[in-house]
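Asker: Sharing start_1.txt, compact mmCIF, C-alpha atoms:
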# COMPACT_ATOMS: atom_id res chain seq x y z
CA MET A 152 14.63 -8.44 118.07
CA LEU A 153 12.80 -8.02 121.35
CA HIS A 154 13.73 -11.49 122.59
CA GLU A 155 17.42 -10.74 121.99
CA THR A 156 17.61 -7.84 124.46
CA ALA A 157 19.40 -7.95 127.80
CA GLU A 158 16.09 -7.42 129.60
CA PHE A 159 14.69 -10.54 128.04
CA LYS A 160 17.62 -12.63 129.23
CA GLU A 161 17.31 -11.16 132.71
CA TRP A 162 13.56 -11.62 133.12
CA GLN A 163 12.92 -14.64 130.93
CA SER A 164 12.46 -17.16 133.71
CA VAL A 165 9.91 -14.96 135.51
CA PHE A 166 7.93 -13.05 132.87
CA TRP A 167 8.71 -14.94 129.63
CA LYS A 168 7.71 -18.56 129.22
CA PRO A 169 8.63 -20.57 126.10
CA LYS A 170 6.11 -22.97 124.56
CA TYR A 171 6.89 -25.53 121.88
CA TYR A 172 4.60 -26.76 119.11
CA GLU A 173 4.79 -29.47 116.47
CA ASN A 174 3.68 -29.46 112.83
CA ASN A 175 -0.06 -28.71 112.34
CA GLN A 176 -0.55 -28.05 116.05
CA VAL A 177 -2.83 -25.14 116.94
CA CYS A 178 -0.75 -22.53 118.76
CA TYR A 179 -3.52 -20.06 119.44
CA ASN A 180 -7.28 -19.74 119.07
CA SER A 181 -8.98 -16.37 119.50
CA THR A 182 -12.05 -18.07 120.97
CA GLU A 183 -9.83 -19.00 123.91
CA PRO A 184 -7.64 -15.92 124.34
CA GLU A 185 -4.55 -15.84 126.54
CA ASP A 186 -5.68 -13.17 129.01
CA ASN A 187 -2.96 -10.63 129.78
CA LYS A 188 -0.42 -12.60 127.73
CA VAL A 189 1.34 -11.44 124.55
CA LEU A 190 2.49 -14.24 122.25
CA LEU A 191 5.75 -13.59 120.39
CA ILE A 192 7.19 -16.01 117.82
CA LYS A 193 10.76 -16.98 118.67
CA GLN A 194 11.21 -19.59 115.92
CA GLY A 195 9.12 -21.18 113.20
CA THR A 196 6.49 -20.40 110.57
CA LEU A 197 2.82 -20.15 111.47
CA LEU A 198 -0.41 -19.68 109.52
CA VAL A 199 -3.40 -17.57 110.54
CA GLN A 200 -6.57 -19.43 109.61
CA ILE A 201 -10.27 -18.60 109.55
CA SER A 202 -13.31 -20.73 108.69
CA ASN A 203 -14.99 -20.27 105.31
CA HIS A 204 -18.69 -20.71 104.56
CA GLN A 205 -18.24 -24.47 104.27
CA GLY A 206 -16.55 -24.65 107.67
CA ASP A 207 -13.12 -25.42 106.20
CA LYS A 208 -10.03 -23.71 107.58
CA VAL A 209 -8.52 -21.20 105.13
CA SER A 210 -5.07 -19.65 105.54
CA THR A 211 -5.07 -15.85 105.36
CA GLU A 212 -1.68 -14.75 106.71
CA ILE A 213 1.84 -15.99 107.42
CA LEU A 214 3.63 -15.24 110.70
CA VAL A 215 7.36 -15.69 111.33
CA GLU A 216 10.04 -14.93 113.93
CA GLY A 217 9.47 -11.62 115.70
CA ASP A 218 5.75 -11.40 114.85
CA ILE A 219 3.19 -11.06 117.62
CA ILE A 220 0.38 -13.58 117.22
CA ASN A 221 -2.36 -11.88 119.22
CA VAL A 222 -1.79 -8.21 118.38
CA GLU A 223 -5.26 -7.34 119.67
CA GLU A 224 -4.06 -8.17 123.19
CA LEU A 225 -2.01 -4.94 123.12
CA VAL A 226 -5.23 -2.95 122.78
CA GLU A 227 -6.71 -1.63 126.03
CA HIS A 228 -10.13 -3.26 125.71
CA GLN A 229 -11.95 -1.07 128.16
CA TYR A 230 -11.33 1.97 125.98
CA THR A 231 -11.66 0.46 122.53
CA TRP A 232 -13.06 -2.88 121.40
CA GLU A 233 -12.78 -6.62 121.72
CA VAL A 234 -12.35 -8.96 118.77
CA PRO A 235 -15.94 -9.71 117.69
CA ASP A 236 -17.19 -13.23 117.02
CA PHE A 237 -17.07 -12.84 113.24
CA LEU A 238 -13.29 -12.19 113.37
CA GLN A 239 -12.34 -15.38 115.16
CA TYR A 240 -9.19 -17.13 113.96
CA GLN A 241 -6.64 -19.76 114.88
CA VAL A 242 -2.88 -19.96 114.38
CA VAL A 243 -1.27 -23.24 113.30
CA ALA A 244 2.40 -24.23 113.18
CA ILE A 245 4.12 -25.36 109.98
CA GLY A 246 6.85 -27.62 111.25
CA SER A 247 8.18 -27.07 114.77
CA ALA A 248 7.72 -23.68 116.41
CA GLU A 249 8.70 -21.91 119.62
CA ILE A 250 6.57 -19.13 121.06
CA TYR A 251 7.19 -16.87 124.01
CA GLU A 252 4.30 -16.12 126.33
CA ILE A 253 4.96 -12.68 127.82
CA GLU A 254 3.21 -10.99 130.71
CA LYS A 255 1.39 -8.07 129.09
CA GLU A 256 1.91 -5.58 131.92
CA PHE A 257 5.61 -6.39 132.09
CA LEU A 258 6.00 -5.85 128.36
CA LEU A 259 4.07 -2.58 128.30
CA SER A 260 5.94 -1.15 131.27
CA HIS A 261 9.26 -1.76 129.53
CA LEU A 262 8.00 -0.29 126.29
CA TYR A 263 7.09 2.90 128.12
CA LEU A 264 10.44 3.09 129.90
CA ASP A 265 12.61 2.73 126.81
CA PRO A 266 10.60 2.70 123.55
CA ARG A 267 13.68 3.16 121.35
CA LYS A 268 15.00 -0.23 122.47
CA TYR A 269 11.88 -1.90 121.13
CA HIS A 270 11.72 0.00 117.87
CA ARG A 271 12.03 -3.18 115.79
CA LEU A 272 9.03 -4.63 117.59
CA PHE A 273 7.00 -1.53 116.71
CA GLU A 274 8.13 -1.84 113.10
CA LYS A 275 7.00 -5.46 112.91
CA ILE A 276 3.56 -4.61 114.31
CA ILE A 277 3.15 -1.59 112.02
CA LEU A 278 4.14 -3.59 108.93
CA GLN A 279 1.81 -6.38 109.97
CA LEU A 280 -1.13 -3.97 110.17
CA ILE A 281 -0.15 -2.18 106.94
CA ASN A 282 -0.10 -5.51 105.10
CA ILE A 283 -3.55 -6.37 106.44
CA SER A 284 -4.91 -2.95 105.43
CA PHE A 285 -3.35 -3.12 101.97
CA SER A 286 -4.72 -6.63 101.51
CA ASN A 287 -8.20 -5.21 102.08
CA VAL A 288 -7.59 -2.64 99.33
CA ILE A 289 -6.20 -5.27 96.96
CA SER A 290 -9.23 -7.51 97.59
CA ASN A 291 -11.27 -5.21 95.33
CA LYS A 292 -8.75 -5.43 92.48
CA LYS A 293 -8.64 -7.92 89.62
CA THR A 294 -7.55 -11.50 90.24
CA GLN A 295 -4.04 -11.04 88.82
CA THR A 296 -3.34 -8.19 91.25
CA LYS A 297 -4.60 -10.17 94.23
CA ILE A 298 -2.43 -13.16 93.36
CA ALA A 299 0.60 -10.96 92.69
CA TRP A 300 0.15 -9.38 96.13
CA ALA A 301 -0.18 -12.84 97.68
CA PHE A 302 3.15 -13.88 96.15
CA TYR A 303 4.73 -10.65 97.38
CA ARG A 304 3.56 -11.30 100.95
CA ILE A 305 4.73 -14.92 100.80
CA ILE A 306 8.15 -13.88 99.48
CA ALA A 307 8.56 -11.30 102.23
CA LYS A 308 7.76 -13.82 104.95
CA VAL A 309 9.24 -17.14 103.89
CA GLY A 310 11.06 -16.59 100.58
CA GLU A 311 14.72 -17.57 100.24
CA LYS A 312 17.17 -16.00 97.79
CA THR A 313 18.70 -18.39 95.28
CA GLU A 314 22.46 -18.65 94.78
CA GLN A 315 22.40 -17.62 91.14
CA ASN A 316 20.43 -14.38 91.58
CA ASP A 317 19.23 -12.36 94.58
CA HIS A 318 16.09 -11.42 92.64
CA LEU A 319 15.07 -15.04 92.19
CA ILE A 320 13.26 -16.16 95.31
CA LYS A 321 12.63 -19.78 96.20
CA LEU A 322 9.40 -20.65 97.99
CA PRO A 323 8.98 -23.46 100.54
CA ARG A 324 7.11 -26.67 99.77
CA PHE A 325 3.97 -25.71 101.67
CA VAL A 326 3.31 -22.85 99.20
CA THR A 327 1.09 -24.89 96.92
CA GLN A 328 -1.37 -23.65 94.31
CA SER A 329 -4.13 -24.20 96.84
CA PHE A 330 -2.23 -22.17 99.44
CA VAL A 331 -1.79 -19.24 97.03
CA SER A 332 -5.50 -19.46 96.27
CA GLN A 333 -6.31 -19.15 99.96
CA ILE A 334 -3.91 -16.29 100.68
CA SER A 335 -5.18 -14.33 97.64
CA ASN A 336 -8.83 -15.27 98.30
CA THR A 337 -9.34 -16.42 94.70
CA GLY A 338 -10.69 -19.63 93.16
CA LYS A 339 -8.31 -22.52 92.55
CA ALA A 340 -9.01 -22.72 88.81
CA ARG A 341 -8.48 -18.99 88.32
CA THR A 342 -5.32 -19.10 90.44
CA ASN A 343 -3.95 -21.82 88.16
CA GLU A 344 -4.67 -19.66 85.09
CA VAL A 345 -2.94 -16.61 86.57
CA ILE A 346 0.12 -18.63 87.62
CA LYS A 347 0.43 -19.75 83.98
CA GLU A 348 0.15 -16.09 82.88
CA PHE A 349 2.87 -15.08 85.35
CA PHE A 350 5.09 -17.91 84.10
CA GLN A 351 4.73 -16.67 80.52
CA ALA A 352 5.51 -13.11 81.67
CA GLY A 353 8.66 -14.25 83.50
CA ILE A 354 7.35 -13.29 86.94
CA ILE A 355 7.27 -16.97 87.88
CA VAL A 356 10.44 -18.73 86.76
CA GLN A 357 9.41 -22.37 87.19
CA ARG A 358 6.11 -23.96 86.19
CA ASP A 359 5.59 -25.26 89.71
CA HIS A 360 5.78 -21.59 90.88
CA LYS A 361 8.51 -22.44 93.40
CA ILE A 362 10.82 -19.68 92.13
CA VAL A 363 9.62 -16.11 91.62
CA ASP A 364 11.44 -13.12 90.12
CA SER A 365 10.91 -10.55 92.87
CA GLU A 366 11.90 -7.55 90.73
CA LYS A 367 9.46 -8.37 87.95
CA LEU A 368 6.79 -9.01 90.57
CA LYS A 369 7.38 -5.58 92.14
CA VAL A 370 7.25 -3.87 88.73
CA TYR A 371 3.97 -5.63 87.97
CA LEU A 372 2.42 -4.62 91.29
CA LYS A 373 3.54 -1.01 90.96
CA GLN A 374 2.08 -0.79 87.47
CA GLU A 375 -1.23 -2.26 88.55
CA VAL A 376 -1.67 -0.23 91.73
CA LEU A 377 -0.24 3.09 90.49
CA VAL A 378 -2.16 2.97 87.21
CA ASP A 379 -5.40 2.52 89.13
CA PHE A 380 -4.47 5.40 91.42
CA CYS A 381 -3.54 7.71 88.53
CA MET A 382 -6.74 6.87 86.66
CA HIS A 383 -8.72 7.67 89.78
CA ASN A 384 -7.00 11.06 90.11
CA VAL A 385 -7.69 11.93 86.45
CA ALA A 386 -11.34 10.94 86.83
CA THR A 387 -11.80 13.18 89.86
CA GLN A 388 -10.11 16.27 88.41
Let's see the structure in the file written out as structure tokens.
Answerer:
Amino acid sequence: MLHETAEFKEWQSVFWKPKYYENNQVCYNSTEPEDNKVLLIKQGTLLVQISNHQGDKVSTEILVEGDIINVEELVEHQYTWEVPDFLQYQVVAIGSAEIYEIEKEFLLSHLYLDPRKYHRLFEKIILQLINISFSNVISNKKTQTKIAWAFYRIIAKVGEKTEQNDHLIKLPRFVTQSFVSQISNTGKARTNEVIKEFFQAGIIVQRDHKIVDSEKLKVYLKQEVLVDFCMHNVATQ
């Protein structure tokens, strides 16, 4: 991880400043950006939230150790674009969290000098953007596919392997039915129906959806996405 490098330990007191947050505390709001600062999660779980049409905060993404909160800060605004008003969001801590505030110019200068050393950081950013892009594609699929993808994202971020089987993944307490509904952008009633379907299919192992069979979930997602892709190819030939 970036914060585990020798450079970090050497320059921490000057260019890296830790900030600590408690449960439900807002760690970042895009309406009040940290100019020339990159925010890197050192410890904790955070939720990206946006406002829905009713003005309620809805969780859309999970961030964990090693993730950059304000990825858009790495973009050179004068040549590209700024985050428009309709994409405003906030980031909230679940439990305690520690975030490093890094001087942007310092970070970029070190990336240019030795990019291989920060390869894992690049990987995290790339995966973060891929997940967002794929979520946009999935948003046009049927409800079951959207909820399956939501579980897959949740497992990847905060899932914990059980002792009896590496494929059985335990989810934390905050992953409620309502939370899955928000992450998948589906109605609560329909989410409840799909969770029951997944339980009957063995994808969800417990009725409270706190344990998920990751292998069966992957098989389901592959079938749904690849079948759609193959059908599209046949239709266009």
Asker: Work out how far apart CA of Gly338 (chain A) and CA of Thr294 (chain A) are and give it in Å to one decimal.
Answerer: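 That distance, rounded to one decimal, is 9.2 Å.
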Asker: Nearest to Gln200 (chain A): which of A:Glu173, A:Val243, A:Ser365, A:Lys293 is it, counting only C-alpha atoms?
Answerer: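 That would be A:Val243, the residue with the smallest distance to Gln200 (chain A).
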Asker: Could you work out how far CA of Ile213 (chain A) lies from CA of Lys188 (chain A), giving the answer in Å with one decimal?
Answerer: 20.7 Å
Asker: I'd like to know which of A:Leu278, A:Leu191, A:Val209, A:Val326 is closest to Gln241 (chain A), using only C-alpha atoms.
Answerer: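 Among the listed residues, the smallest separation from Gln241 (chain A) belongs to A:Val209.
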Asker: Nearest to Asn343 (chain A) among A:Ile298, A:Ile362, A:Val356, A:Leu259, with distances taken over all atoms listed in the file: which residue is it?
Answerer: A:Ile298
Asker: Work out how far apart CA of Leu368 (chain A) and CA of Lys208 (chain A) are and give it in Å to one decimal.
Answerer: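 Computed distance, CA of Leu368 (chain A) to CA of Lys208 (chain A), equals 28.1 Å.
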Asker: Identify which of the residues A:Lys373, A:Lys170, A:Lys361, A:Lys193 lies closest to Pro323 (chain A), counting all atoms listed in the file when measuring atom-to-atom distances.
Answerer: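 Result for the nearest residue to Pro323 (chain A): A:Lys361.
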Asker: What lies within 7 Å of Ile354 (chain A) using only C-alpha atoms, ignoring chain neighbours under 5 positions off, as a list in words?
Answerer: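 Selected residues are Phe349, Val363, Asp364, Lys367 and Leu368 of chain A.
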Asker: Could you save the residues just selected, with C-alpha atoms, as an mmCIF file, in the frame of the given file?
Answerer:
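Once written, part.cif looks like this:
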data_model
loop_
_atom_site.group_PDB
_atom_site.id
_atom_site.type_symbol
_atom_site.label_atom_id
_atom_site.label_comp_id
_atom_site.auth_asym_id
_atom_site.auth_seq_id
_atom_site.Cartn_x
_atom_site.Cartn_y
_atom_site.Cartn_z
ATOM 1 C CA PHE A 349 2.870 -15.080 85.350
ATOM 2 C CA VAL A 363 9.620 -16.110 91.620
ATOM 3 C CA ASP A 364 11.440 -13.120 90.120
ATOM 4 C CA LYS A 367 9.460 -8.370 87.950
ATOM 5 C CA LEU A 368 6.790 -9.010 90.570
#
Asker: Check the smallest atom-to-atom distance from each of A:Arg341, A:Leu258, A:Gln194, A:Leu372 to Trp300 (chain A) using only C-alpha atoms, then report the winner.
Answerer: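 Closest to Trp300 (chain A), using only C-alpha atoms: A:Leu372.
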Asker: I'd like to know which of A:Leu225, A:Lys369, A:Asn174, A:Ile245 is closest to Phe273 (chain A), using all atoms listed in the file.
Answerer: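 Under the stated criterion, the closest residue is A:Leu225.
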Asker: Please, which residues are within 12 Å of (-6.2, -17.5, 99.9) by the file's coordinates, counting only C-alpha atoms, and could they come as a PyMOL selection string?
Answerer: chain A and resi 198-203+208-213+286+290+294+297-302+304-305+326-339+341-342
